[in-house]
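Have a look at structure-v3.tsv; it's TSV, C-alpha atoms:
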chain	number	residue	atom	x	y	z
X	20	MET	CA	-15.92	19.28	-0.14
X	21	LYS	CA	-16.20	18.78	3.61
X	22	ILE	CA	-13.17	18.74	5.92
X	23	ILE	CA	-13.77	16.60	9.01
X	24	THR	CA	-11.30	16.56	11.89
X	25	THR	CA	-13.09	14.76	14.72
X	26	ILE	CA	-14.40	11.23	15.13
X	27	SER	CA	-17.80	12.48	16.29
X	28	ASP	CA	-18.22	14.70	13.22
X	29	MET	CA	-17.15	11.84	10.94
X	30	ARG	CA	-19.78	9.59	12.49
X	31	THR	CA	-22.38	12.31	12.06
X	32	TYR	CA	-21.43	12.63	8.39
X	33	ARG	CA	-21.84	8.88	7.91
X	34	GLN	CA	-25.21	8.94	9.63
X	35	GLU	CA	-26.33	11.77	7.35
X	36	HIS	CA	-25.50	9.56	4.37
X	37	LYS	CA	-26.53	6.21	5.84
X	38	HIS	CA	-28.66	5.29	2.85
X	39	GLY	CA	-25.86	5.68	0.31
X	40	SER	CA	-22.65	3.83	-0.40
X	41	ILE	CA	-19.37	5.26	0.87
X	42	GLY	CA	-16.05	4.61	-0.82
X	43	PHE	CA	-13.01	5.05	1.41
X	44	VAL	CA	-9.41	5.79	0.37
X	45	PRO	CA	-7.00	5.66	3.33
X	46	THR	CA	-3.83	7.74	2.85
X	47	MET	CA	-1.04	9.39	4.81
X	48	GLY	CA	-1.24	12.46	2.60
X	49	TYR	CA	1.10	14.04	0.08
X	50	LEU	CA	-1.31	12.78	-2.52
X	51	HIS	CA	-0.18	11.68	-5.98
X	52	GLU	CA	-1.73	10.09	-9.06
X	53	GLY	CA	-1.76	6.68	-7.38
X	54	HIS	CA	-4.03	7.93	-4.63
X	55	MET	CA	-6.18	9.80	-7.11
X	56	SER	CA	-6.72	6.75	-9.30
X	57	MET	CA	-8.29	5.13	-6.25
X	58	VAL	CA	-10.44	8.23	-5.68
X	59	GLU	CA	-11.57	8.09	-9.30
X	60	SER	CA	-12.52	4.43	-8.94
X	61	SER	CA	-14.42	5.19	-5.76
X	62	THR	CA	-16.37	8.10	-7.22
X	63	LYS	CA	-17.53	5.86	-10.09
X	64	GLU	CA	-18.67	3.05	-7.79
X	65	ASN	CA	-20.10	4.86	-4.75
X	66	ASP	CA	-22.49	7.64	-3.85
X	67	ARG	CA	-19.81	9.43	-1.82
X	68	THR	CA	-16.05	9.18	-1.39
X	69	VAL	CA	-14.11	9.86	1.80
X	70	VAL	CA	-10.32	10.26	1.78
X	71	SER	CA	-8.50	9.99	5.10
X	72	ILE	CA	-5.23	11.84	5.64
X	73	PHE	CA	-3.44	10.64	8.75
X	74	VAL	CA	0.25	9.93	9.23
X	75	ASN	CA	-0.05	6.99	11.58
X	76	PRO	CA	2.80	6.93	14.13
X	77	LEU	CA	2.14	3.30	15.08
X	78	GLN	CA	3.42	1.99	11.74
X	79	PHE	CA	6.79	3.76	11.91
X	80	GLY	CA	9.81	2.22	13.60
X	81	PRO	CA	12.25	4.25	15.75
X	82	ASP	CA	14.70	4.70	12.85
X	83	GLU	CA	12.11	5.43	10.18
X	84	ASP	CA	10.99	8.70	8.62
X	85	TYR	CA	7.91	9.63	10.67
X	86	ASP	CA	9.18	13.10	11.59
X	87	ASN	CA	10.24	13.79	8.00
X	88	TYR	CA	7.19	12.36	6.24
X	89	PRO	CA	6.08	14.95	3.65
X	90	CYS	CA	2.97	16.88	4.66
X	91	ASP	CA	1.06	19.63	2.84
X	92	PHE	CA	-2.61	19.57	3.71
X	93	GLU	CA	-3.67	22.53	1.59
X	94	ARG	CA	-2.07	20.93	-1.47
X	95	ASP	CA	-3.78	17.62	-0.65
X	96	ARG	CA	-7.14	19.31	-0.15
X	97	LYS	CA	-7.04	20.91	-3.58
X	98	ILE	CA	-6.00	17.67	-5.28
X	99	ALA	CA	-8.65	15.55	-3.53
X	100	GLU	CA	-11.36	18.08	-4.35
X	101	SER	CA	-10.31	18.29	-8.00
X	102	TYR	CA	-10.71	14.51	-8.34
X	103	GLY	CA	-14.18	14.46	-6.87
X	104	ALA	CA	-13.70	13.48	-3.22
X	105	ASP	CA	-16.69	14.47	-1.10
X	106	ALA	CA	-14.96	14.62	2.27
X	107	ILE	CA	-11.53	14.44	3.87
X	108	PHE	CA	-11.17	12.91	7.31
X	109	TYR	CA	-8.14	14.72	8.75
X	110	PRO	CA	-7.80	13.85	12.44
X	111	SER	CA	-4.92	14.77	14.72
X	112	THR	CA	-2.80	12.15	16.43
X	113	GLU	CA	-4.46	13.10	19.72
X	114	GLU	CA	-7.89	12.55	18.19
X	115	MET	CA	-6.99	9.07	16.96
X	116	TYR	CA	-4.96	8.03	20.02
X	117	PRO	CA	-6.24	10.10	22.95
X	118	GLY	CA	-4.73	7.94	25.67
X	119	LYS	CA	-2.88	4.75	26.47
X	120	ARG	CA	-4.29	1.84	24.49
X	121	THR	CA	-5.65	-1.13	26.41
X	122	ILE	CA	-5.64	-3.56	23.47
X	123	SER	CA	-2.93	-4.20	20.89
X	124	LEU	CA	-3.45	-5.91	17.53
X	125	ASN	CA	-0.80	-8.43	16.52
X	126	VAL	CA	-0.72	-9.63	12.91
X	127	ILE	CA	0.45	-13.25	13.09
X	128	ASP	CA	0.54	-14.29	9.43
X	129	ARG	CA	1.82	-12.85	6.13
X	130	THR	CA	4.32	-10.63	7.98
X	131	ASP	CA	7.42	-12.81	8.37
X	132	VAL	CA	8.57	-11.97	4.82
X	133	LEU	CA	9.04	-8.92	2.58
X	134	CYS	CA	8.68	-5.72	4.63
X	135	GLY	CA	7.89	-7.54	7.89
X	136	PRO	CA	11.37	-8.51	9.13
X	137	SER	CA	12.90	-5.07	8.53
X	138	ARG	CA	9.89	-3.19	9.94
X	139	PRO	CA	8.92	-4.96	13.18
X	140	GLY	CA	5.52	-3.82	14.41
X	141	HIS	CA	4.71	-2.03	11.16
X	142	PHE	CA	1.76	-4.18	10.16
X	143	ASP	CA	0.44	-4.20	13.72
X	144	GLY	CA	0.27	-0.42	13.40
X	145	VAL	CA	-1.36	-0.60	9.98
X	146	ALA	CA	-3.98	-3.08	11.23
X	147	THR	CA	-4.72	-0.94	14.28
X	148	VAL	CA	-5.31	2.29	12.36
X	149	ILE	CA	-7.35	0.57	9.63
X	150	VAL	CA	-9.64	-1.08	12.19
X	151	LYS	CA	-10.16	2.33	13.80
X	152	LEU	CA	-10.79	4.07	10.48
X	153	LEU	CA	-13.24	1.40	9.35
X	154	GLN	CA	-15.13	1.66	12.63
X	155	ILE	CA	-15.24	5.44	12.39
X	156	ILE	CA	-16.10	5.85	8.70
X	157	GLN	CA	-18.06	2.61	8.15
X	158	PRO	CA	-17.47	2.57	4.40
X	159	THR	CA	-19.06	0.26	1.87
X	160	ARG	CA	-15.79	-0.24	0.00
X	161	MET	CA	-12.14	0.45	0.82
X	162	TYR	CA	-9.65	1.13	-1.98
X	163	LEU	CA	-6.01	0.09	-1.58
X	164	GLY	CA	-3.01	0.41	-3.87
X	165	GLN	CA	-1.50	-2.82	-5.15
X	166	LYS	CA	1.95	-1.23	-4.83
X	167	ASP	CA	1.67	-2.12	-1.15
X	168	ALA	CA	0.73	-5.71	-2.00
X	169	GLN	CA	1.77	-7.14	1.35
X	170	GLN	CA	-0.41	-4.58	3.09
X	171	VAL	CA	-3.31	-5.58	0.83
X	172	ALA	CA	-2.76	-9.25	1.72
X	173	VAL	CA	-2.61	-8.45	5.46
X	174	LEU	CA	-5.77	-6.34	5.32
X	175	GLU	CA	-7.63	-9.00	3.34
X	176	GLY	CA	-6.87	-11.32	6.25
X	177	LEU	CA	-7.94	-8.68	8.78
X	178	VAL	CA	-11.29	-8.08	7.09
X	179	ALA	CA	-11.95	-11.82	6.81
X	180	ASP	CA	-10.85	-12.70	10.37
X	181	PHE	CA	-12.91	-9.98	12.03
X	182	ASN	CA	-15.94	-10.20	9.69
X	183	ILE	CA	-15.68	-6.51	8.88
X	184	PRO	CA	-18.51	-5.55	6.50
X	185	VAL	CA	-16.42	-3.78	3.86
X	186	GLU	CA	-15.48	-4.74	0.32
X	187	LEU	CA	-11.74	-4.41	-0.24
X	188	ILE	CA	-10.81	-3.16	-3.74
X	189	PRO	CA	-7.13	-3.48	-4.80
X	190	CYS	CA	-6.16	-0.87	-7.40
X	191	PRO	CA	-3.31	-1.11	-9.94
X	192	THR	CA	0.02	0.59	-9.26
X	193	ILE	CA	0.30	3.96	-10.99
X	194	ARG	CA	3.71	4.66	-12.50
X	195	GLU	CA	5.84	7.43	-13.92
X	196	GLU	CA	6.59	7.28	-17.64
X	197	ASP	CA	9.86	5.42	-16.92
X	198	GLY	CA	8.09	2.78	-14.81
X	199	LEU	CA	8.88	4.05	-11.31
X	200	ALA	CA	5.94	3.45	-8.98
X	201	LYS	CA	4.38	6.66	-7.73
X	202	SER	CA	5.25	7.20	-4.07
X	203	SER	CA	5.32	10.08	-1.61
X	204	ARG	CA	8.87	9.05	-0.79
X	205	ASN	CA	10.15	9.61	-4.33
X	206	VAL	CA	10.75	13.28	-3.47
X	207	ASN	CA	13.56	12.14	-1.16
X	208	LEU	CA	15.64	10.63	-3.99
X	209	THR	CA	18.75	12.42	-5.26
X	210	ALA	CA	18.94	13.18	-8.98
X	211	GLN	CA	21.19	10.16	-9.55
X	212	GLU	CA	18.99	7.86	-7.43
X	213	ARG	CA	15.95	9.01	-9.41
X	214	LYS	CA	17.68	7.78	-12.58
X	215	GLU	CA	18.40	4.43	-10.93
X	216	ALA	CA	15.03	3.87	-9.24
X	217	PRO	CA	13.16	2.65	-12.38
X	218	PHE	CA	15.33	-0.46	-12.32
X	219	LEU	CA	13.12	-1.81	-9.53
X	220	HIS	CA	10.31	-2.05	-12.07
X	221	LYS	CA	12.64	-3.24	-14.82
X	222	SER	CA	13.84	-6.10	-12.62
X	223	LEU	CA	10.24	-7.15	-12.08
X	224	LYS	CA	9.51	-6.96	-15.80
X	225	LEU	CA	12.47	-9.29	-16.30
X	226	ALA	CA	10.93	-11.70	-13.79
X	227	GLU	CA	7.61	-11.52	-15.65
X	228	GLU	CA	9.36	-12.37	-18.91
X	229	MET	CA	11.14	-15.33	-17.33
X	230	VAL	CA	7.89	-16.70	-15.92
X	231	GLY	CA	6.18	-16.13	-19.27
X	232	GLU	CA	8.91	-18.19	-20.93
X	233	GLY	CA	8.27	-21.05	-18.50
X	234	GLU	CA	10.77	-20.47	-15.68
X	235	ARG	CA	9.36	-21.90	-12.45
X	236	ASP	CA	12.42	-21.91	-10.17
X	237	PRO	CA	12.05	-18.99	-7.74
X	238	GLU	CA	15.79	-18.98	-6.96
X	239	VAL	CA	16.72	-18.52	-10.62
X	240	ILE	CA	14.29	-15.60	-10.88
X	241	LYS	CA	15.58	-14.03	-7.67
X	242	GLN	CA	19.17	-14.27	-8.92
X	243	ALA	CA	18.21	-12.44	-12.11
X	244	ILE	CA	16.45	-9.69	-10.15
X	245	THR	CA	19.44	-9.31	-7.84
X	246	ALA	CA	21.90	-9.06	-10.72
X	247	MET	CA	19.92	-6.31	-12.43
X	248	LEU	CA	19.54	-4.27	-9.24
X	249	LYS	CA	23.21	-4.57	-8.27
X	250	GLU	CA	24.40	-3.65	-11.75
X	251	ASN	CA	22.15	-0.63	-12.14
X	252	THR	CA	21.56	0.96	-8.72
X	253	SER	CA	23.67	2.30	-5.88
X	254	GLY	CA	21.03	1.33	-3.34
X	255	THR	CA	21.14	-1.52	-0.86
X	256	ILE	CA	18.77	-4.39	-1.54
X	257	ASP	CA	16.49	-5.03	1.43
X	258	TYR	CA	14.75	-8.00	-0.21
X	259	ARG	CA	13.89	-9.57	-3.51
X	260	GLU	CA	11.39	-12.36	-3.19
X	261	VAL	CA	9.16	-14.69	-5.15
X	262	LEU	CA	6.24	-15.94	-3.03
X	263	SER	CA	2.73	-17.32	-3.35
X	264	TYR	CA	0.03	-14.66	-3.28
X	265	PRO	CA	-1.85	-13.64	-1.19
X	266	TYR	CA	-0.54	-16.20	1.29
X	267	LEU	CA	3.10	-15.05	1.12
X	268	LYS	CA	4.55	-18.52	1.50
X	269	PRO	CA	7.51	-20.01	-0.43
X	270	ALA	CA	6.52	-20.13	-4.09
X	271	THR	CA	5.96	-23.46	-5.82
X	272	SER	CA	5.05	-24.36	-9.39
X	273	ASN	CA	1.63	-25.49	-8.12
X	274	ASP	CA	0.60	-22.00	-6.98
X	275	GLU	CA	-2.08	-20.11	-8.87
X	276	MET	CA	-0.45	-16.72	-8.26
X	277	TRP	CA	2.99	-15.42	-7.37
X	278	ILE	CA	4.22	-12.08	-6.15
X	279	CYS	CA	7.66	-10.93	-7.26
X	280	ALA	CA	8.62	-8.13	-4.89
X	281	VAL	CA	11.64	-5.91	-4.28
X	282	ALA	CA	12.69	-3.27	-1.76
X	283	VAL	CA	15.78	-1.08	-2.04
X	284	TYR	CA	17.26	1.40	0.42
X	285	PHE	CA	18.55	4.61	-1.13
X	286	ARG	CA	20.17	7.36	0.93
X	287	HIS	CA	16.97	8.94	2.23
X	288	ALA	CA	14.24	6.69	0.86
X	289	ARG	CA	13.26	3.05	0.91
X	290	LEU	CA	11.38	2.10	-2.25
X	291	ILE	CA	9.22	-0.98	-2.83
X	292	ASP	CA	7.63	-2.47	-5.90
X	293	ASN	CA	5.99	-5.72	-6.94
X	294	SER	CA	4.33	-7.66	-9.69
X	295	ILE	CA	1.49	-10.16	-9.26
X	296	LEU	CA	1.79	-13.06	-11.72
X	297	THR	CA	-0.70	-15.74	-12.71
X	298	ILE	CA	1.07	-19.07	-12.88
X	299	THR	CA	-0.13	-21.36	-15.64
X	300	GLN	CA	0.18	-25.08	-15.03
X	301	LYS	CA	1.46	-27.70	-17.43
X	302	GLY	CA	-1.11	-28.36	-20.10
X	303	GLU	CA	-2.74	-24.94	-19.71
X	304	SER	CA	-2.56	-22.37	-22.49
Would you put the structure from the file into structure tokens?
Amino acid sequence: MKIITTISDMRTYRQEHKHGSIGFVPTMGYLHEGHMSMVESSTKENDRTVVSIFVNPLQFGPDEDYDNYPCDFERDRKIAESYGADAIFYPSTEEMYPGKRTISLNVIDRTDVLCGPSRPGHFDGVATVIVKLLQIIQPTRMYLGQKDAQQVAVLEGLVADFNIPVELIPCPTIREEDGLAKSSRNVNLTAQERKEAPFLHKSLKLAEEMVGEGERDPEVIKQAITAMLKENTSGTIDYREVLSYPYLKPATSNDEMWICAVAVYFRHARLIDNSILTITQKGES
């Protein structure tokens, strides 16, 4: 497996493989089974797979965990190689942002809900680094985890708005046996918080059951999610929402798809989870 640390070398690598398809898995490192499921999908569907490892400072707010974000490149290298990745793009911050930027991307839709209000500028930072990575790597397909469903929705808009020639592939959330979504931040939970954290997923399963039984009032569903989280966790609820997907507007019974999403602050970790639901209309089976 090839380790690439500069933009020029990454472009050379792409030129060397210009006649084959490239699958791209963007990550911030500390790889887990969720990342590797995307690598596995990419290796099946492409001639080569590139994993990027870059903790992007632009998507962290002043009170967020940028300085404490878990990093272990040697561990990540071994994991990526064992799952069949062909190359890791591992640039420094100075390589990606060598000087003062002259242009700033501003995401103007799909960001006024869910993680947007509590993380101002976050999706601007995500959009900026993804545009740069897509320009540098020029992949055929980009694989994203559905756990970050709002990010997927934002990047779908980015790719469409800027006519970027890449196929975006959302991949299912990978979970622990108790339902907790795999996340690099899970290591920051205390033992008690780790016992409580699966209730994020359980609250979403409850929402799924309610929708399956015909409930179409988003407020009723949100109240049920809130009650379960308050009764079973010591964390602080950041949001619990039911919205149309991928548009992230107030949900209505006429929507084709909904997202039920939750975010909870624990002592040293903020966890998110979601469920994408197909909404059947009256008369449909």
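The space separating atom CA of Ile244 of chain X from atom CA of Leu225 of chain X comes to 7.3 Å.
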Original post:
Just how far from atom CA of Val283 of chain X is atom CA of Pro189 of chain X, in Å to one decimal?
Top reply: 23.2 Å
Original post:
What is the atom CA of Val230 of chain X to atom CA of Gln170 of chain X distance in Å?
Top reply: 24.0 Å
With only C-alpha atoms counted and 9 Å as the cut-off, give the residues of segment 164-224 of chain X in contact with segment 82-94 of chain X, each with its shortest interatomic distance in Å and the pair that gives it, as a Markdown table.
| residue | atom | partner | partner_atom | distance |
| --- | --- | --- | --- | --- |
| X:Ser203 | CA | X:Pro89 | CA | 7.2 |
| X:Arg204 | CA | X:Pro89 | CA | 7.9 |
| X:Val206 | CA | X:Pro89 | CA | 8.7 |
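Of the residues listed (X:Glu195, X:Glu100, X:Glu228, X:Asp292), X:Glu195 shows the shortest atom-to-atom separation from Arg213 of chain X; distances use only C-alpha atoms.
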Original post:
So, counting all atoms listed in the file, which residue among X:Val126, X:Leu199, X:Leu223, X:Ala280 is closest to Leu174 of chain X?
Top reply: X:Val126
Original post:
With all atoms listed in the file as the basis for distance, which of X:Gly176, X:Gly254, X:Gly48, X:Gly53 is at the shortest distance from Lys201 of chain X?
Top reply: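 When distances to Lys201 of chain X are compared using all atoms listed in the file, the smallest one comes from X:Gly53.
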Original post:
Which residue, X:His287, X:Lys214, X:Lys119, X:His51, has the smallest gap to Ala99 of chain X when you use all atoms listed in the file?
Top reply: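 Answer, going by the shortest atom-to-atom distance: X:His51.
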Which residues, written as a PDB file with C-alpha atoms, keeping the file's coordinate frame, have at least one atom at most 12 Å from Asp105 of chain X, with only C-alpha atoms counted and residues fewer than 6 positions away on the same chain left out?
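What follows is the written file result.pdb:
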ATOM      1  CA  MET X  20     -15.920  19.280  -0.140  1.00  0.00           C
ATOM      2  CA  LYS X  21     -16.200  18.780   3.610  1.00  0.00           C
ATOM      3  CA  ILE X  22     -13.170  18.740   5.920  1.00  0.00           C
ATOM      4  CA  ILE X  23     -13.770  16.600   9.010  1.00  0.00           C
ATOM      5  CA  TYR X  32     -21.430  12.630   8.390  1.00  0.00           C
ATOM      6  CA  ARG X  33     -21.840   8.880   7.910  1.00  0.00           C
ATOM      7  CA  HIS X  36     -25.500   9.560   4.370  1.00  0.00           C
ATOM      8  CA  ILE X  41     -19.370   5.260   0.870  1.00  0.00           C
ATOM      9  CA  GLY X  42     -16.050   4.610  -0.820  1.00  0.00           C
ATOM     10  CA  PHE X  43     -13.010   5.050   1.410  1.00  0.00           C
ATOM     11  CA  VAL X  44      -9.410   5.790   0.370  1.00  0.00           C
ATOM     12  CA  VAL X  58     -10.440   8.230  -5.680  1.00  0.00           C
ATOM     13  CA  GLU X  59     -11.570   8.090  -9.300  1.00  0.00           C
ATOM     14  CA  SER X  61     -14.420   5.190  -5.760  1.00  0.00           C
ATOM     15  CA  THR X  62     -16.370   8.100  -7.220  1.00  0.00           C
ATOM     16  CA  ASN X  65     -20.100   4.860  -4.750  1.00  0.00           C
ATOM     17  CA  ASP X  66     -22.490   7.640  -3.850  1.00  0.00           C
ATOM     18  CA  ARG X  67     -19.810   9.430  -1.820  1.00  0.00           C
ATOM     19  CA  THR X  68     -16.050   9.180  -1.390  1.00  0.00           C
ATOM     20  CA  VAL X  69     -14.110   9.860   1.800  1.00  0.00           C
ATOM     21  CA  VAL X  70     -10.320  10.260   1.780  1.00  0.00           C
ATOM     22  CA  SER X  71      -8.500   9.990   5.100  1.00  0.00           C
ATOM     23  CA  ARG X  96      -7.140  19.310  -0.150  1.00  0.00           C
ATOM     24  CA  LYS X  97      -7.040  20.910  -3.580  1.00  0.00           C
ATOM     25  CA  ILE X  98      -6.000  17.670  -5.280  1.00  0.00           C
ATOM     26  CA  ALA X  99      -8.650  15.550  -3.530  1.00  0.00           C
TER      27      ALA X  99
END
Any idea what's packed within 8 Å of segment 158-166 of chain X, counting all atoms listed in the file, ignoring anything in its chain fewer than 2 positions away? Could you give it as a PDB file with C-alpha atoms, keeping the file's coordinate frame?
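Dumped to around-v6.pdb:
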ATOM      1  CA  SER X  40     -22.650   3.830  -0.400  1.00  0.00           C
ATOM      2  CA  ILE X  41     -19.370   5.260   0.870  1.00  0.00           C
ATOM      3  CA  GLY X  42     -16.050   4.610  -0.820  1.00  0.00           C
ATOM      4  CA  PHE X  43     -13.010   5.050   1.410  1.00  0.00           C
ATOM      5  CA  VAL X  44      -9.410   5.790   0.370  1.00  0.00           C
ATOM      6  CA  PRO X  45      -7.000   5.660   3.330  1.00  0.00           C
ATOM      7  CA  GLY X  53      -1.760   6.680  -7.380  1.00  0.00           C
ATOM      8  CA  HIS X  54      -4.030   7.930  -4.630  1.00  0.00           C
ATOM      9  CA  MET X  57      -8.290   5.130  -6.250  1.00  0.00           C
ATOM     10  CA  SER X  61     -14.420   5.190  -5.760  1.00  0.00           C
ATOM     11  CA  LEU X 153     -13.240   1.400   9.350  1.00  0.00           C
ATOM     12  CA  ILE X 156     -16.100   5.850   8.700  1.00  0.00           C
ATOM     13  CA  ALA X 168       0.730  -5.710  -2.000  1.00  0.00           C
ATOM     14  CA  VAL X 171      -3.310  -5.580   0.830  1.00  0.00           C
ATOM     15  CA  PRO X 184     -18.510  -5.550   6.500  1.00  0.00           C
ATOM     16  CA  VAL X 185     -16.420  -3.780   3.860  1.00  0.00           C
ATOM     17  CA  GLU X 186     -15.480  -4.740   0.320  1.00  0.00           C
ATOM     18  CA  LEU X 187     -11.740  -4.410  -0.240  1.00  0.00           C
ATOM     19  CA  ILE X 188     -10.810  -3.160  -3.740  1.00  0.00           C
ATOM     20  CA  PRO X 189      -7.130  -3.480  -4.800  1.00  0.00           C
ATOM     21  CA  CYS X 190      -6.160  -0.870  -7.400  1.00  0.00           C
ATOM     22  CA  PRO X 191      -3.310  -1.110  -9.940  1.00  0.00           C
ATOM     23  CA  THR X 192       0.020   0.590  -9.260  1.00  0.00           C
ATOM     24  CA  ALA X 200       5.940   3.450  -8.980  1.00  0.00           C
ATOM     25  CA  ILE X 291       9.220  -0.980  -2.830  1.00  0.00           C
ATOM     26  CA  ASP X 292       7.630  -2.470  -5.900  1.00  0.00           C
ATOM     27  CA  ASN X 293       5.990  -5.720  -6.940  1.00  0.00           C
TER      28      ASN X 293
END
Original post:
Using all atoms listed in the file, which residue out of X:Met115, X:Val173, X:Ala216, X:Ile122 lies closest to His141 of chain X?
Top reply: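 The closest residue to His141 of chain X is X:Val173.
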**OP:** May I have the residues within 6 Å of Ser263 of chain X as a ChimeraX atom specification, using all atoms listed in the file and disregarding those fewer than 2 positions away in the same chain?
**Re:** /X:266-268,270,276-277
Subject >> Shell of 10 Å around Phe285 of chain X, all atoms listed in the file, local chain residues under 6 positions omitted, as a list of chain:residue names >> reply: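 So the residues in contact are X:Asn207, X:Leu208, X:Thr209, X:Glu212, X:Arg213, X:Glu215, X:Ala216, X:Thr252, X:Ser253, X:Gly254, X:Thr255, X:Ile256.
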Original post:
For Leu77 of chain X, which residue among X:Ser222, X:Ser111, X:Thr147, X:Thr245 is the nearest when counting only C-alpha atoms?
Top reply: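 That would be X:Thr147, the residue with the smallest distance to Leu77 of chain X.
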Original post:
Got a sec to check which residues sit within 8 Å of (-0.6, -12.0, -7.9), counting all atoms listed in the file, and write them as a PyMOL selection string?
Top reply: chain X and resi 263-265+276-278+294-297
Starting from the sparse input, extend segment 223-242 of chain X to N, CA and C atoms and give the output as a short mmCIF file (atom, residue, chain, number, x, y, z; two decimals), in the frame of the given file.
data_model
loop_
_atom_site.label_atom_id
_atom_site.label_comp_id
_atom_site.auth_asym_id
_atom_site.auth_seq_id
_atom_site.Cartn_x
_atom_site.Cartn_y
_atom_site.Cartn_z
N LEU X 223 11.48 -6.39 -12.17
CA LEU X 223 10.24 -7.15 -12.08
C LEU X 223 9.71 -7.53 -13.47
N LYS X 224 9.90 -6.63 -14.42
CA LYS X 224 9.51 -6.96 -15.80
C LYS X 224 10.34 -8.14 -16.31
N LEU X 225 11.62 -8.16 -15.93
CA LEU X 225 12.47 -9.29 -16.30
C LEU X 225 11.92 -10.58 -15.70
N ALA X 226 11.52 -10.53 -14.43
CA ALA X 226 10.93 -11.70 -13.79
C ALA X 226 9.66 -12.14 -14.51
N GLU X 227 8.83 -11.19 -14.90
CA GLU X 227 7.61 -11.52 -15.65
C GLU X 227 7.95 -12.25 -16.94
N GLU X 228 8.96 -11.74 -17.65
CA GLU X 228 9.36 -12.37 -18.91
C GLU X 228 9.84 -13.79 -18.68
N MET X 229 10.63 -14.00 -17.62
CA MET X 229 11.14 -15.33 -17.33
C MET X 229 10.00 -16.31 -17.04
N VAL X 230 9.03 -15.85 -16.24
CA VAL X 230 7.89 -16.70 -15.92
C VAL X 230 7.08 -16.98 -17.19
N GLY X 231 6.91 -15.95 -18.03
CA GLY X 231 6.18 -16.13 -19.27
C GLY X 231 6.84 -17.13 -20.20
N GLU X 232 8.17 -17.24 -20.09
CA GLU X 232 8.91 -18.19 -20.93
C GLU X 232 8.99 -19.57 -20.29
N GLY X 233 8.35 -19.73 -19.11
CA GLY X 233 8.27 -21.05 -18.50
C GLY X 233 9.15 -21.29 -17.30
N GLU X 234 9.91 -20.28 -16.85
CA GLU X 234 10.77 -20.47 -15.68
C GLU X 234 9.90 -20.61 -14.42
N ARG X 235 10.14 -21.66 -13.66
CA ARG X 235 9.36 -21.90 -12.45
C ARG X 235 10.24 -22.10 -11.22
N ASP X 236 11.51 -21.79 -11.33
CA ASP X 236 12.42 -21.91 -10.17
C ASP X 236 12.57 -20.53 -9.54
N PRO X 237 11.98 -20.31 -8.37
CA PRO X 237 12.05 -18.99 -7.74
C PRO X 237 13.48 -18.50 -7.52
N GLU X 238 14.42 -19.41 -7.22
CA GLU X 238 15.79 -18.98 -6.96
C GLU X 238 16.44 -18.42 -8.22
N VAL X 239 16.17 -19.02 -9.36
CA VAL X 239 16.72 -18.52 -10.62
C VAL X 239 16.18 -17.11 -10.90
N ILE X 240 14.90 -16.91 -10.66
CA ILE X 240 14.29 -15.60 -10.88
C ILE X 240 14.86 -14.57 -9.91
N LYS X 241 15.03 -14.94 -8.66
CA LYS X 241 15.58 -14.03 -7.67
C LYS X 241 17.01 -13.63 -8.02
N GLN X 242 17.79 -14.58 -8.52
CA GLN X 242 19.17 -14.27 -8.92
C GLN X 242 19.20 -13.26 -10.05
#
